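Raw contents of my_file.txt, compact mmCIF, C-alpha atoms:
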```
# COMPACT_ATOMS: atom_id res chain seq x y z
CA MET A 380 37.81 5.81 -13.89
CA ASP A 381 34.99 6.78 -16.25
CA LEU A 382 32.69 4.33 -14.44
CA LEU A 383 33.65 5.82 -11.08
CA THR A 384 32.86 9.31 -12.38
CA LYS A 385 29.43 8.18 -13.53
CA PHE A 386 28.86 6.52 -10.17
CA ILE A 387 29.67 9.77 -8.33
CA ASP A 388 27.69 11.97 -10.72
CA THR A 389 24.52 9.87 -10.50
CA TYR A 390 24.51 8.90 -6.82
CA PRO A 391 21.77 11.44 -5.82
CA VAL A 392 19.23 9.97 -8.25
CA PHE A 393 20.32 6.40 -7.52
CA LEU A 394 19.92 7.05 -3.79
CA LYS A 395 16.34 8.19 -4.40
CA GLY A 396 15.73 5.06 -6.43
CA MET A 397 17.28 2.96 -3.67
CA LEU A 398 14.99 4.56 -1.09
CA LEU A 399 11.94 3.73 -3.21
CA THR A 400 13.19 0.16 -3.66
CA PHE A 401 13.65 -0.08 0.11
CA GLU A 402 10.12 1.24 0.77
CA ILE A 403 8.53 -1.15 -1.72
CA THR A 404 10.35 -4.12 -0.21
CA ILE A 405 9.65 -3.28 3.44
CA VAL A 406 5.93 -2.57 2.98
CA SER A 407 5.32 -5.57 0.71
CA ILE A 408 7.12 -7.99 3.04
CA PHE A 409 5.24 -6.59 6.06
CA ILE A 410 1.92 -7.31 4.33
CA ALA A 411 3.19 -10.65 3.00
CA ILE A 412 3.99 -11.85 6.52
CA PHE A 413 0.35 -11.41 7.56
CA ILE A 414 -0.84 -13.05 4.34
CA GLY A 415 1.61 -15.89 4.88
CA LEU A 416 0.54 -16.46 8.49
CA PHE A 417 -3.11 -16.46 7.48
CA PHE A 418 -2.66 -19.10 4.78
CA ALA A 419 -0.24 -21.10 6.95
CA PHE A 420 -3.01 -21.43 9.55
CA LEU A 421 -5.43 -22.49 6.80
CA LYS A 422 -2.94 -25.18 5.73
CA ILE A 423 -2.66 -26.65 9.25
CA SER A 424 -6.33 -26.21 10.16
CA ASN A 425 -7.29 -29.83 9.30
CA VAL A 426 -10.41 -28.41 7.63
CA LYS A 427 -10.32 -29.68 4.05
CA ILE A 428 -11.99 -26.69 2.40
CA LEU A 429 -9.58 -24.29 4.11
CA GLU A 430 -6.60 -26.42 3.11
CA TRP A 431 -7.85 -26.44 -0.50
CA ILE A 432 -8.17 -22.64 -0.48
CA ALA A 433 -4.58 -22.32 0.75
CA ASP A 434 -3.36 -24.89 -1.77
CA LEU A 435 -5.13 -23.07 -4.60
CA TYR A 436 -3.58 -19.74 -3.59
CA ILE A 437 -0.08 -21.23 -3.41
CA PHE A 438 -0.60 -23.03 -6.74
CA LEU A 439 -1.71 -19.81 -8.46
CA VAL A 440 1.29 -17.87 -7.16
CA ARG A 441 3.82 -20.56 -8.02
CA GLY A 442 2.24 -21.24 -11.42
CA THR A 443 2.27 -17.69 -12.78
CA PRO A 444 5.13 -15.19 -13.24
CA LEU A 445 5.47 -12.41 -10.71
CA VAL A 446 5.41 -9.75 -13.43
CA VAL A 447 1.98 -11.06 -14.54
CA GLN A 448 0.70 -10.82 -10.97
CA ILE A 449 1.94 -7.23 -10.67
CA PHE A 450 0.23 -6.28 -13.95
CA ILE A 451 -3.01 -7.93 -12.80
CA PHE A 452 -3.00 -5.77 -9.67
CA TYR A 453 -1.99 -2.70 -11.69
CA PHE A 454 -4.61 -3.00 -14.44
CA GLY A 455 -7.19 -5.04 -12.55
CA LEU A 456 -7.61 -2.51 -9.76
CA THR A 457 -7.63 0.63 -11.91
CA ALA A 458 -11.32 1.11 -11.09
CA PHE A 459 -10.21 1.87 -7.54
CA ASN A 460 -7.61 4.40 -8.74
CA ILE A 461 -4.79 2.72 -6.85
CA SER A 462 -1.31 4.19 -7.12
CA ASP A 463 1.62 2.54 -8.88
CA PHE A 464 3.25 2.07 -5.48
CA LEU A 465 0.24 0.24 -4.05
CA ALA A 466 -0.09 -1.97 -7.15
CA VAL A 467 3.53 -3.09 -6.88
CA VAL A 468 3.33 -3.56 -3.10
CA LEU A 469 0.17 -5.66 -3.36
CA GLY A 470 1.60 -7.69 -6.23
CA LEU A 471 4.81 -8.45 -4.32
CA ALA A 472 2.91 -9.13 -1.10
CA PHE A 473 0.52 -11.50 -2.87
CA HIS A 474 3.49 -13.32 -4.43
CA ASN A 475 5.72 -13.53 -1.37
CA GLY A 476 2.82 -14.40 0.91
CA ALA A 477 2.56 -17.83 -0.70
CA TYR A 478 6.20 -18.67 -0.03
CA ILE A 479 6.05 -17.24 3.48
CA ALA A 480 2.94 -19.35 4.14
CA GLU A 481 4.96 -22.49 3.37
CA ILE A 482 7.84 -21.24 5.53
CA PHE A 483 5.54 -20.70 8.53
CA ARG A 484 3.67 -23.96 7.92
CA GLY A 485 6.90 -25.92 7.95
CA ALA A 486 8.19 -24.09 11.03
CA ILE A 487 4.96 -24.59 12.98
CA GLN A 488 4.70 -28.27 12.08
CA SER A 489 8.34 -28.81 13.06
CA ILE A 490 7.49 -28.00 16.69
CA ASP A 491 6.87 -31.14 18.73
CA HIS A 492 3.15 -31.83 19.06
CA GLY A 493 3.69 -32.39 22.78
CA GLN A 494 4.13 -28.62 23.18
CA MET A 495 0.51 -28.08 22.18
CA GLU A 496 -0.66 -30.84 24.50
CA ALA A 497 1.37 -29.34 27.37
CA GLY A 498 -0.23 -25.94 26.84
CA ARG A 499 -3.71 -27.43 26.74
CA SER A 500 -3.02 -29.42 29.93
CA LEU A 501 -2.19 -26.11 31.65
CA GLY A 502 -5.64 -24.81 30.82
CA MET A 503 -4.70 -22.73 27.79
CA THR A 504 -6.94 -22.63 24.75
CA LYS A 505 -5.58 -23.91 21.45
CA SER A 506 -5.19 -20.38 20.08
CA LEU A 507 -3.49 -19.14 23.25
CA THR A 508 -1.08 -22.10 23.21
CA MET A 509 -0.31 -21.37 19.57
CA ARG A 510 0.34 -17.69 20.31
CA ARG A 511 2.39 -18.08 23.49
CA ILE A 512 4.23 -21.36 22.99
CA ILE A 513 4.23 -22.57 19.39
CA LEU A 514 4.61 -19.35 17.38
CA PRO A 515 7.61 -17.95 19.32
CA GLN A 516 9.53 -21.17 18.72
CA ALA A 517 8.36 -21.43 15.10
CA SER A 518 9.40 -17.82 14.45
CA ARG A 519 12.97 -18.62 15.44
CA ARG A 520 13.06 -21.56 13.05
CA ALA A 521 11.42 -19.56 10.27
CA LEU A 522 13.81 -16.62 10.51
CA PRO A 523 16.61 -17.89 8.20
CA PRO A 524 14.26 -18.77 5.29
CA LEU A 525 12.30 -15.57 5.94
CA GLY A 526 15.55 -13.62 5.61
CA ASN A 527 16.21 -15.31 2.28
CA GLN A 528 12.69 -14.53 1.11
CA PHE A 529 13.17 -10.90 2.12
CA ILE A 530 16.27 -10.67 -0.08
CA ILE A 531 14.41 -12.33 -2.96
CA ALA A 532 11.63 -9.74 -2.55
CA LEU A 533 14.22 -6.96 -2.61
CA LYS A 534 15.56 -8.14 -5.96
CA ASP A 535 12.06 -8.82 -7.31
CA SER A 536 11.15 -5.18 -6.61
CA SER A 537 13.06 -4.35 -9.80
CA LEU A 538 9.92 -5.46 -11.67
CA ALA A 539 8.30 -2.22 -10.49
CA SER A 540 10.11 -0.61 -13.41
CA PHE A 541 7.66 -2.40 -15.77
CA ILE A 542 4.87 -0.09 -14.64
CA GLY A 543 7.06 3.00 -14.70
CA MET A 544 8.14 3.33 -11.08
CA TYR A 545 11.46 5.14 -10.77
CA GLU A 546 13.16 2.61 -8.52
CA LEU A 547 16.77 1.43 -8.84
CA PHE A 548 16.48 -0.62 -12.01
CA ASN A 549 14.41 2.02 -13.80
CA VAL A 550 17.00 4.66 -12.86
CA ALA A 551 19.72 2.52 -14.44
CA THR A 552 17.84 1.77 -17.67
CA THR A 553 16.72 5.39 -18.04
CA HIS A 554 20.26 6.70 -17.72
CA GLY A 555 21.51 3.94 -20.00
CA SER A 556 19.09 4.96 -22.75
CA LEU A 557 19.84 8.66 -22.35
CA LYS A 558 23.62 8.20 -22.37
CA TYR A 559 23.64 5.27 -24.84
CA ASP A 560 25.63 3.30 -22.28
CA TYR A 561 23.55 0.58 -20.68
CA MET A 562 26.47 -1.49 -19.44
CA SER A 563 27.96 1.22 -17.21
CA TYR A 564 24.68 2.00 -15.48
CA LEU A 565 23.74 -1.66 -15.11
CA LEU A 566 27.07 -2.24 -13.36
CA ILE A 567 26.39 0.76 -11.13
CA VAL A 568 22.91 -0.46 -10.17
CA ALA A 569 24.33 -3.92 -9.47
CA VAL A 570 26.57 -2.32 -6.84
CA TYR A 571 23.55 -0.67 -5.17
CA TYR A 572 21.66 -3.96 -5.07
CA LEU A 573 24.71 -5.72 -3.62
CA VAL A 574 24.95 -3.07 -0.89
CA LEU A 575 21.26 -3.49 -0.02
CA VAL A 576 21.52 -7.28 0.04
CA LEU A 577 24.64 -7.12 2.22
CA PHE A 578 22.94 -4.68 4.61
CA PHE A 579 19.84 -6.83 5.05
CA SER A 580 21.89 -10.03 5.32
CA ILE A 581 23.80 -8.47 8.22
CA ILE A 582 20.55 -7.37 9.89
CA VAL A 583 19.07 -10.87 9.59
CA ARG A 584 22.27 -12.40 10.97
CA ILE A 585 22.21 -10.04 13.97
CA ILE A 586 18.57 -10.92 14.69
CA GLU A 587 19.38 -14.63 14.43
CA LYS A 588 22.23 -14.27 16.92
CA LYS A 589 20.06 -12.33 19.37
CA MET A 590 17.32 -14.95 19.14
CA SER A 591 19.76 -17.83 19.58
CA SER A 592 21.36 -16.14 22.60
CA SER A 593 17.93 -15.57 24.17
CA ASP A 594 17.33 -19.34 23.97
```

Please, can you express the file's structure as structure tokens?
Amino acid sequence: MDLLTKFIDTYPVFLKGMLLTFEITIVSIFIAIFIGLFFAFLKISNVKILEWIADLYIFLVRGTPLVVQIFIFYFGLTAFNISDFLAVVLGLAFHNGAYIAEIFRGAIQSIDHGQMEAGRSLGMTKSLTMRRIILPQASRRALPPLGNQFIIALKDSSLASFIGMYELFNVATTHGSLKYDYMSYLLIVAVYYLVLVLFFSIIVRIIEKKMSSSD
């Protein structure tokens, strides 16, 4: 009952933290999708130097912790007076872009090569065939892993607390330190994260069903 009381008493501040977590996740994933598509095209370009650039980017992201990447953006771009929000968003986008690039690369390469040849035989350019024929099909195949990556990004947004952003995790740890009761507030924030994950999982499932029915 005491935990329920704390949950009710703190919901206004936790809701604000949840909104900030939501904003960080949405904006960073939106940017990451464009980054991922860009590097996915480099990977499948058959131009060695471009493939090496994409491989280097993916290697750097996979080989270093996300929190280090966020701090690099936070302290490395201080000369440009970027906000905490932008530093976290860019750090998350840079990180997730590498994984999304591999998702798109795999989805694009899973489409039968005959589709490209069919488009070219109809007089389409390679880029037009990619945009009108290949990418729509690849997007359907990429959706499930993209949904998983979105949820991972949502949970990774908790690292924003390391640079002082008052998102969900920071709200929980701040209240825990003030009330000398970390466990209660960590349990409360876990509920908020579970709600967000459930919400986005349902959204992704609905989109998948709509796409499959349109087929």

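Atom CA of A:Val446 is positioned 21.1 Å from atom CA of A:Val576.
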
Taking every listed atom of stretch 557-566 of chain A and adding 5 Å to each side, what centre and edge lengths in Å (one decimal) does the axis-aligned box have, as AutoDock Vina command-line options?
```
--center_x 23.9 --center_y 3.2 --center_z -19.1 --size_x 18.1 --size_y 20.9 --size_z 21.5
```

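The set of protein, DNA and RNA residues with any counted atom at most 7 Å from (16.1, -1.4, -9.6) (only C-alpha atoms) reads Thr400, Ser536, Ser537, Glu546, Leu547, Phe548, Asn549, Val550 and Val568 of chain A.
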
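Between atom CA of A:Pro391 and atom CA of A:Leu557 there is a distance of 16.9 Å.
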
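Atom to atom, atom CA of A:Leu435 and atom CA of A:Val447 stand 17.1 Å apart.
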
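Near A:Leu398, within a cut-off of 12 Å and counting all atoms listed in the file, sit the residues A:Tyr390, A:Pro391, A:Val392, A:Phe393, A:Leu394, A:Lys395, A:Phe401, A:Glu402, A:Ile403, A:Thr404, A:Ile405, A:Leu533, A:Ser536, A:Tyr545, A:Glu546, A:Leu547, A:Val550, A:Tyr571, A:Tyr572, A:Leu575, with same-chain residues fewer than 3 positions away left out.
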